[in-house]
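A.B. asks: See input-v1.txt below, with compact mmCIF, C-alpha atoms.
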# COMPACT_ATOMS: atom_id res chain seq x y z
CA PRO A 14 8.31 18.80 -72.28
CA LEU A 15 10.74 15.90 -72.30
CA ASP A 16 12.77 17.47 -69.49
CA GLU A 17 9.61 17.80 -67.40
CA LEU A 18 8.76 14.18 -68.11
CA ALA A 19 12.27 13.12 -67.10
CA ASP A 20 11.85 14.96 -63.80
CA ARG A 21 8.44 13.40 -63.25
CA PHE A 22 9.54 9.83 -63.92
CA GLY A 23 13.16 10.32 -62.88
CA ASP A 24 13.18 7.81 -60.03
CA ILE A 25 11.54 5.12 -62.14
CA ALA A 26 13.80 5.75 -65.13
CA ALA A 27 16.92 5.77 -62.95
CA ALA A 28 16.07 2.40 -61.41
CA ALA A 29 14.96 0.75 -64.66
CA VAL A 30 17.29 -1.87 -66.12
CA HIS A 31 15.50 -1.84 -69.50
CA PRO A 32 13.46 0.79 -71.38
CA ASP A 33 10.46 -1.55 -71.47
CA GLU A 34 10.02 -1.01 -67.74
CA ILE A 35 9.64 2.71 -68.34
CA ALA A 36 7.27 2.08 -71.26
CA ALA A 37 5.03 0.01 -69.02
CA VAL A 38 4.86 2.84 -66.48
CA LEU A 39 4.10 5.40 -69.18
CA GLU A 40 1.25 3.29 -70.53
CA SER A 41 -0.13 2.66 -67.06
CA ASP A 42 -0.11 6.43 -66.56
CA GLY A 43 -2.55 6.74 -69.46
CA MET A 44 -0.19 7.93 -72.17
CA THR A 45 -1.33 6.75 -75.58
CA ASP A 46 0.84 6.69 -78.70
CA GLU A 47 -1.19 9.56 -80.17
CA HIS A 48 -0.62 11.70 -77.08
CA ILE A 49 3.09 10.88 -77.14
CA ARG A 50 3.38 11.88 -80.82
CA LEU A 51 1.62 15.19 -80.21
CA ALA A 52 3.26 16.12 -76.90
CA TYR A 53 6.78 14.70 -77.21
CA GLY A 54 7.34 14.09 -80.90
CA ARG A 55 8.09 10.38 -80.48
CA PRO A 56 6.23 7.64 -82.39
CA ASP A 57 5.17 5.53 -79.41
CA SER A 58 5.74 4.75 -75.74
CA PHE A 59 8.71 2.48 -76.45
CA ALA A 60 10.60 5.20 -78.31
CA LEU A 61 9.85 7.67 -75.54
CA ALA A 62 10.95 5.15 -72.93
CA GLU A 63 14.27 4.63 -74.75
CA GLU A 64 14.80 8.39 -74.76
CA LEU A 65 14.14 8.64 -71.02
CA HIS A 66 16.34 5.62 -70.32
CA ALA A 67 19.22 7.25 -72.19
CA ARG A 68 18.65 10.69 -70.68
CA VAL A 69 18.36 9.77 -66.97
CA PRO A 70 21.53 8.43 -65.26
CA ARG A 71 21.29 4.99 -63.66
CA ALA A 72 20.74 5.03 -59.89
CA HIS A 73 19.62 1.60 -58.74
CA PRO A 74 18.34 1.57 -55.14
CA GLU A 75 20.33 -0.36 -52.59
CA PRO A 76 18.66 -3.60 -51.49
CA ASP A 77 17.29 -3.79 -47.97
CA ARG A 78 19.81 -5.08 -45.50
CA HIS A 79 18.87 -8.25 -43.68
CA PRO A 80 20.75 -9.92 -40.84
CA ASP A 81 23.08 -12.69 -41.89
CA PRO A 82 21.25 -15.96 -41.06
CA TRP A 83 24.58 -17.76 -40.74
CA LYS A 84 25.97 -15.35 -38.17
CA VAL A 85 24.93 -16.77 -34.80
CA PRO A 86 26.17 -15.37 -31.47
CA LEU A 87 28.35 -17.68 -29.41
CA GLY A 88 26.32 -17.28 -26.21
CA PRO A 89 23.16 -19.13 -27.31
CA CYS A 90 25.28 -21.96 -28.71
CA LEU A 91 27.09 -22.37 -25.40
CA LEU A 92 23.83 -22.22 -23.46
CA ARG A 93 22.34 -24.90 -25.68
CA GLY A 94 25.34 -27.12 -25.03
CA ILE A 95 25.03 -26.56 -21.28
CA VAL A 96 21.35 -27.53 -21.16
CA PHE A 97 22.20 -30.71 -23.05
CA ALA A 98 24.81 -31.59 -20.41
CA LEU A 99 23.00 -30.57 -17.21
CA PRO A 100 20.47 -33.46 -17.16
CA GLY A 101 23.38 -35.83 -16.53
CA LEU A 102 23.63 -34.35 -13.03
CA ALA A 103 20.26 -35.91 -12.23
CA TYR A 104 22.06 -39.25 -11.90
CA VAL A 105 24.19 -37.74 -9.14
CA LEU A 106 21.07 -36.92 -7.13
CA GLY A 107 19.33 -40.18 -7.99
CA ALA A 108 22.27 -42.49 -7.34
CA PRO A 109 21.24 -43.48 -3.77
CA PHE A 110 17.84 -44.57 -5.07
CA LEU A 111 19.40 -46.87 -7.66
CA GLU A 112 21.47 -48.94 -5.25
CA GLY A 113 21.10 -52.68 -5.48
CA PRO A 114 22.74 -55.87 -6.70
CA PRO A 115 23.99 -56.04 -10.30
CA ASP A 116 21.50 -57.22 -12.89
CA ARG A 117 21.68 -60.48 -14.83
CA LEU A 118 24.25 -59.00 -17.21
CA GLY A 119 26.47 -57.81 -14.39
CA LEU A 120 25.57 -54.15 -14.95
CA PRO A 121 24.77 -51.77 -12.08
CA ALA A 122 21.24 -51.97 -10.74
CA GLY A 123 18.64 -50.31 -12.96
CA THR A 124 20.96 -49.85 -15.94
CA LEU A 125 18.83 -51.77 -18.44
CA THR A 126 15.68 -50.02 -17.29
CA LEU A 127 17.20 -46.58 -17.75
CA ILE A 128 18.81 -47.48 -21.08
CA ALA A 129 15.57 -48.86 -22.51
CA GLY A 130 13.58 -45.77 -21.58
CA ALA A 131 16.28 -43.36 -22.71
CA LEU A 132 16.90 -45.11 -26.03
CA ILE A 133 13.25 -45.28 -27.09
CA GLY A 134 12.55 -41.74 -25.90
CA TRP A 135 15.66 -40.36 -27.58
CA VAL A 136 14.85 -41.95 -30.95
CA TRP A 137 11.25 -40.73 -30.82
CA ASP A 138 12.08 -37.19 -29.75
CA GLN A 139 14.84 -36.82 -32.33
CA THR A 140 12.28 -37.75 -34.98
CA LEU A 141 9.78 -35.36 -33.44
CA SER A 142 12.23 -32.47 -33.32
CA HIS A 143 13.21 -33.03 -36.96
CA ARG A 144 9.58 -32.82 -38.04
CA ALA A 145 8.95 -29.73 -35.92
CA TYR A 146 12.09 -28.03 -37.26
CA THR A 147 10.85 -28.77 -40.78
CA TRP A 148 7.64 -26.87 -40.05
CA LEU A 149 9.63 -24.01 -38.56
CA GLY A 150 11.79 -23.92 -41.68
CA LEU A 151 8.62 -23.51 -43.73
CA GLY A 152 7.60 -20.60 -41.52
CA ASP A 153 4.67 -22.41 -39.93
CA ARG A 154 5.26 -22.10 -36.18
CA ALA A 155 1.67 -23.09 -35.42
CA ALA A 156 2.12 -26.43 -37.20
CA ALA A 157 5.38 -26.99 -35.32
CA GLY A 158 3.53 -26.34 -32.06
CA ARG A 159 0.79 -28.81 -32.96
CA THR A 160 3.41 -31.42 -33.84
CA LEU A 161 5.11 -30.99 -30.48
CA LEU A 162 1.78 -30.96 -28.65
CA LEU A 163 0.93 -34.41 -29.99
CA GLY A 164 4.41 -35.88 -30.20
CA ALA A 165 6.01 -34.94 -26.88
CA PRO A 166 3.46 -36.72 -24.63
CA ALA A 167 3.50 -39.73 -26.94
CA GLY A 168 7.28 -39.94 -26.65
CA ALA A 169 7.09 -39.75 -22.86
CA LEU A 170 4.59 -42.60 -22.80
CA LEU A 171 6.70 -44.73 -25.15
CA GLY A 172 9.85 -44.17 -23.09
CA THR A 173 8.02 -45.04 -19.89
CA ALA A 174 6.50 -48.16 -21.44
CA ALA A 175 9.91 -49.31 -22.65
CA ALA A 176 11.37 -48.87 -19.16
CA LEU A 177 8.49 -50.72 -17.51
CA ALA A 178 8.92 -53.59 -19.95
CA VAL A 179 12.37 -54.35 -18.50
CA PRO A 180 12.01 -56.68 -15.49
CA GLY A 181 14.09 -56.37 -12.36
CA GLY A 182 16.02 -53.41 -11.07
CA PRO A 183 15.31 -51.20 -8.07
CA PRO A 184 11.73 -49.94 -7.85
CA PHE A 185 12.90 -46.35 -8.13
CA SER A 186 14.57 -47.07 -11.47
CA HIS A 187 11.17 -47.27 -13.17
CA ALA A 188 10.05 -43.99 -11.62
CA PHE A 189 13.35 -42.38 -12.58
CA ALA A 190 13.00 -43.67 -16.15
CA ALA A 191 9.45 -42.32 -16.37
CA GLY A 192 10.63 -38.91 -15.17
CA GLN A 193 13.51 -39.08 -17.63
CA ALA A 194 11.10 -39.77 -20.51
CA ALA A 195 8.84 -36.90 -19.47
CA TYR A 196 11.81 -34.56 -19.20
CA VAL A 197 13.12 -35.46 -22.66
CA GLY A 198 9.72 -34.66 -24.14
CA ALA A 199 9.54 -31.31 -22.34
CA ALA A 200 13.12 -30.45 -23.27
CA THR A 201 12.41 -31.24 -26.91
CA VAL A 202 9.56 -28.72 -26.92
CA LEU A 203 11.64 -25.98 -25.31
CA LEU A 204 14.74 -26.56 -27.43
CA VAL A 205 12.87 -26.69 -30.73
CA LEU A 206 11.03 -23.47 -29.91
CA GLY A 207 14.25 -21.73 -28.89
CA ARG A 208 13.54 -21.53 -25.15
CA GLU A 209 16.96 -22.63 -23.88
CA ARG A 210 16.91 -20.05 -21.10
CA LEU A 211 13.67 -21.41 -19.71
CA LEU A 212 15.07 -24.92 -19.78
CA PHE A 213 18.22 -23.76 -18.02
CA ALA A 214 16.10 -22.13 -15.32
CA ALA A 215 14.11 -25.34 -14.86
CA LEU A 216 17.28 -27.42 -14.51
CA SER A 217 18.97 -25.04 -12.09
CA PRO A 218 17.52 -26.48 -8.83
CA MET A 219 18.52 -30.01 -9.77
CA ALA A 220 21.95 -28.96 -11.01
CA ALA A 221 22.68 -26.92 -7.89
CA GLY A 222 21.61 -29.81 -5.69
CA ALA A 223 23.78 -32.25 -7.63
CA VAL A 224 26.85 -30.05 -7.24
CA LEU A 225 26.12 -29.73 -3.53
CA ALA A 226 25.65 -33.50 -3.26
CA LEU A 227 29.20 -34.01 -4.47
CA ALA A 228 30.42 -32.33 -1.28
CA VAL A 229 27.61 -33.04 1.22
CA ASP A 230 25.49 -36.12 1.78
CA LEU A 231 22.02 -34.76 1.10
CA PRO A 232 18.92 -36.40 2.61
CA ARG A 233 16.99 -38.62 0.23
CA ALA A 234 13.86 -36.53 0.62
CA LEU A 235 15.72 -33.41 -0.52
CA ARG A 236 17.23 -35.26 -3.46
CA ALA A 237 13.82 -36.46 -4.59
CA ALA A 238 12.33 -33.00 -4.12
CA LEU A 239 15.02 -31.34 -6.26
CA LEU A 240 14.53 -33.89 -9.02
CA ALA A 241 10.76 -33.41 -8.91
CA VAL A 242 10.99 -29.60 -8.91
CA SER A 243 13.16 -29.48 -12.03
CA LEU A 244 11.04 -32.08 -13.81
CA LEU A 245 7.76 -30.32 -13.04
CA ALA A 246 9.22 -26.94 -13.96
CA ALA A 247 10.42 -28.23 -17.33
CA CYS A 248 7.05 -29.84 -18.07
CA ALA A 249 5.10 -26.74 -17.00
CA LEU A 250 7.26 -24.40 -19.08
CA ALA A 251 6.97 -26.69 -22.10
CA ALA A 252 3.18 -26.86 -21.75
CA ARG A 253 3.11 -23.07 -21.53
CA GLU A 254 4.73 -22.81 -24.98
CA LEU A 255 2.32 -25.18 -26.73
CA PRO A 256 -0.84 -24.12 -28.63
CA LEU A 257 -3.09 -25.77 -26.06
CA ALA A 258 -1.80 -23.41 -23.38
CA ALA A 259 -2.70 -20.39 -25.50
CA GLY A 260 -6.22 -21.73 -25.95
CA VAL A 261 -6.62 -22.36 -22.23
CA ARG A 262 -5.38 -18.86 -21.38
CA ALA A 263 -7.81 -17.33 -23.87
CA ALA A 264 -10.68 -19.35 -22.40
CA LEU A 265 -9.77 -18.28 -18.87
CA ARG A 266 -9.70 -14.64 -19.94
CA ARG A 267 -13.19 -14.99 -21.38
CA LEU A 268 -14.67 -16.53 -18.22
CA PRO A 269 -14.83 -13.31 -16.14
CA ARG A 270 -16.52 -11.52 -19.04
CA ARG A 271 -19.15 -14.21 -19.37
CA ARG A 272 -19.83 -14.17 -15.64
CA TRP A 273 -20.08 -10.39 -15.68
CA ARG A 274 -22.50 -10.46 -18.60
CA ALA A 275 -24.56 -13.21 -16.96
CA GLY A 276 -24.76 -11.26 -13.70
CA ARG A 277 -25.71 -8.12 -15.55
CA GLY A 278 -28.44 -9.99 -17.42
CA ARG A 279 -29.95 -11.29 -14.18
CA SER A 280 -29.91 -7.84 -12.66
Translate this file's structure into structure tokens.
C.D. replies:
Amino acid sequence: PLDELADRFGDIAAAAVHPDEIAAVLESDGMTDEHIRLAYGRPDSFALAEELHARVPRAHPEPDRHPDPWKVPLGPCLLRGIVFALPGLAYVLGAPFLEGPPDRLGLPAGTLTLIAGALIGWVWDQTLSHRAYTWLGLGDRAAAGRTLLLGAPAGALLGTAAALAVPGGPPFSHAFAAGQAAYVGAATVLLVLGRERLLFAALSPMAAGAVLALAVDLPRALRAALLAVSLLAACALAARELPLAAGVRAALRRLPRRRWRAGRGRS
């Protein structure tokens, strides 16, 4: 009988690190001490468990293999670095719009306006990304999305307000600073949520135009259009990743059903 019991509970006994684990399984299987004495000649479940533990060779199961969280491919890291650098090309396209006399500190026209907007926006969005990454680290992607949904527009408004608070400078410098603040907010959303490829795609028109502008004098209208296209693309892609976008899409999907049901009810 003991050999049959060893075959029956062989897997459990082989994986057990202590006889008490086997005893717990025996008791959960309904074996009482009286039954064990009559059937197996052992005084109780613990004695029987010790016998099984000694009889069955150890064979601990291998743990499940998980990917190494510290092993990151080089490609995504390089892409992330590229999308951090590409926005600098926007100044190549926007340079003709920022022409003007030096400001009161002797800096190029619009410098203080752009610095004020960039500094405030950068500080805010770094704080925002840290908070969103914290939620992601806790496994709550929905909370990270809500944080970005509220924080990214607020950062864009703060950056724009800081730029507008600086007097002087070319008129376009304030518009450029506002676009810069909006872009930083959108880029924060996409980078935190791991959408570097989408951000790269959004920046591609502007980057291509900037490289071309280094060799050819592009018309101002084309320069402005390329800047606007990349900005709007980044903002649209960021909005698409936020929880509000999912709610809007769900509501739009429900509209045809409601109309169909309403029309069916009238008929």
A.B. asks: Quick one: distance from atom CA of A:Cys90 to atom CA of A:Arg159 in Å, one decimal?
C.D. replies: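 For atom CA of A:Cys90 relative to atom CA of A:Arg159, the distance reads 25.8 Å.
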A.B. asks: Which residues are close to stretch 219-222 of chain A, i.e. within 9 Å by only C-alpha atoms, leaving aside same-chain residues fewer than 5 positions away? Reply as a VMD selection string.
C.D. replies: chain A and resid 99 to 103 106 227 231 235 to 236 238 to 244
A.B. asks: One decimal, in Å: what's the spacing between atom CA of A:Leu216 and atom CA of A:Val179?
C.D. replies: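 A separation of 27.7 Å between them.
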A.B. asks: If you count all atoms listed in the file, which residues fall within 9 Å of A:Ala122, apart from same-chain ones fewer than 6 positions away, as an MDAnalysis selection string?
C.D. replies: chainID A and resid 111:116 181:183 186
A.B. asks: One decimal, in Å: what's the spacing between atom CA of A:Ala145 and atom CA of A:Ala215?
C.D. replies: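 Atom CA of A:Ala145 sits 22.1 Å away from atom CA of A:Ala215.
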A.B. asks: Write out as an MDAnalysis selection string which residues come within 12 Å of stretch 246-248 of chain A when counting all atoms listed in the file, dropping same-chain ones fewer than 5 positions away.
C.D. replies: chainID A and resid 96 100 162 165:166 169 192:204 208:219 238:241 253:255
A.B. asks: Show me as a list in words the residues that reach within 9 Å of (7.9, 3.8, -68.8), counting only C-alpha atoms and using the file's own coordinates.
C.D. replies: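 Looking at atoms near the point gives Phe22, Ile25, Ala26, Ala29, Pro32, Asp33, Glu34, Ile35, Ala36, Ala37, Val38, Leu39, Glu40, Ser41, Asp42, Ser58, Phe59, Leu61, Ala62, Glu63, Leu65 and His66 of chain A.
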A.B. asks: Out of A:Ala251, A:Leu257, A:Ala226, A:Ala129, which residue has the shortest atom-to-atom distance to A:Ala108 when counting only C-alpha atoms?
C.D. replies: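 Using only C-alpha atoms, the shortest distance to A:Ala108 belongs to A:Ala226.
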A.B. asks: Please determine, counting all atoms listed in the file, which residue among A:Gly54, A:Gly168, A:Pro109, A:Gly207 has the shortest atom-to-atom distance to A:Asp230.
C.D. replies: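 So, comparing all the options, the nearest one is A:Pro109.
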A.B. asks: Closest to A:Ala175 among A:Leu132, A:Leu161, A:Ala67, A:Ala228, using only C-alpha atoms?
C.D. replies: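 Looking at the shortest contact to A:Ala175, the residue is A:Leu132.
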A.B. asks: Using only C-alpha atoms, which residues sit within 9 Å of A:Trp137 once same-chain residues fewer than 2 positions away are excluded, as a list in words?
C.D. replies: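 Near A:Trp137, the qualifying residues are Leu132, Ile133, Gly134, Trp135, Gln139, Thr140, Leu141, Ser142, Gly164, Ala165, Ala167, Gly168, Leu171 and Gly172 of chain A.
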A.B. asks: Counting only C-alpha atoms, what is within 9 Å of A:Ala190, bar same-chain residues fewer than 5 positions away, as a list in words?
C.D. replies: Thr126, Leu127, Ile128, Ala129, Gly130, Ala131, Gly172, Thr173, Ala176, Leu177, Phe185 and Ala195 of chain A
A.B. asks: Can those selected residues be exported to a file as a compact mmCIF listing (two decimals), in the frame of the given file so that it contains C-alpha atoms?
C.D. replies:
# COMPACT_ATOMS: atom_id res chain seq x y z
CA THR A 126 15.68 -50.02 -17.29
CA LEU A 127 17.20 -46.58 -17.75
CA ILE A 128 18.81 -47.48 -21.08
CA ALA A 129 15.57 -48.86 -22.51
CA GLY A 130 13.58 -45.77 -21.58
CA ALA A 131 16.28 -43.36 -22.71
CA GLY A 172 9.85 -44.17 -23.09
CA THR A 173 8.02 -45.04 -19.89
CA ALA A 176 11.37 -48.87 -19.16
CA LEU A 177 8.49 -50.72 -17.51
CA PHE A 185 12.90 -46.35 -8.13
CA ALA A 195 8.84 -36.90 -19.47
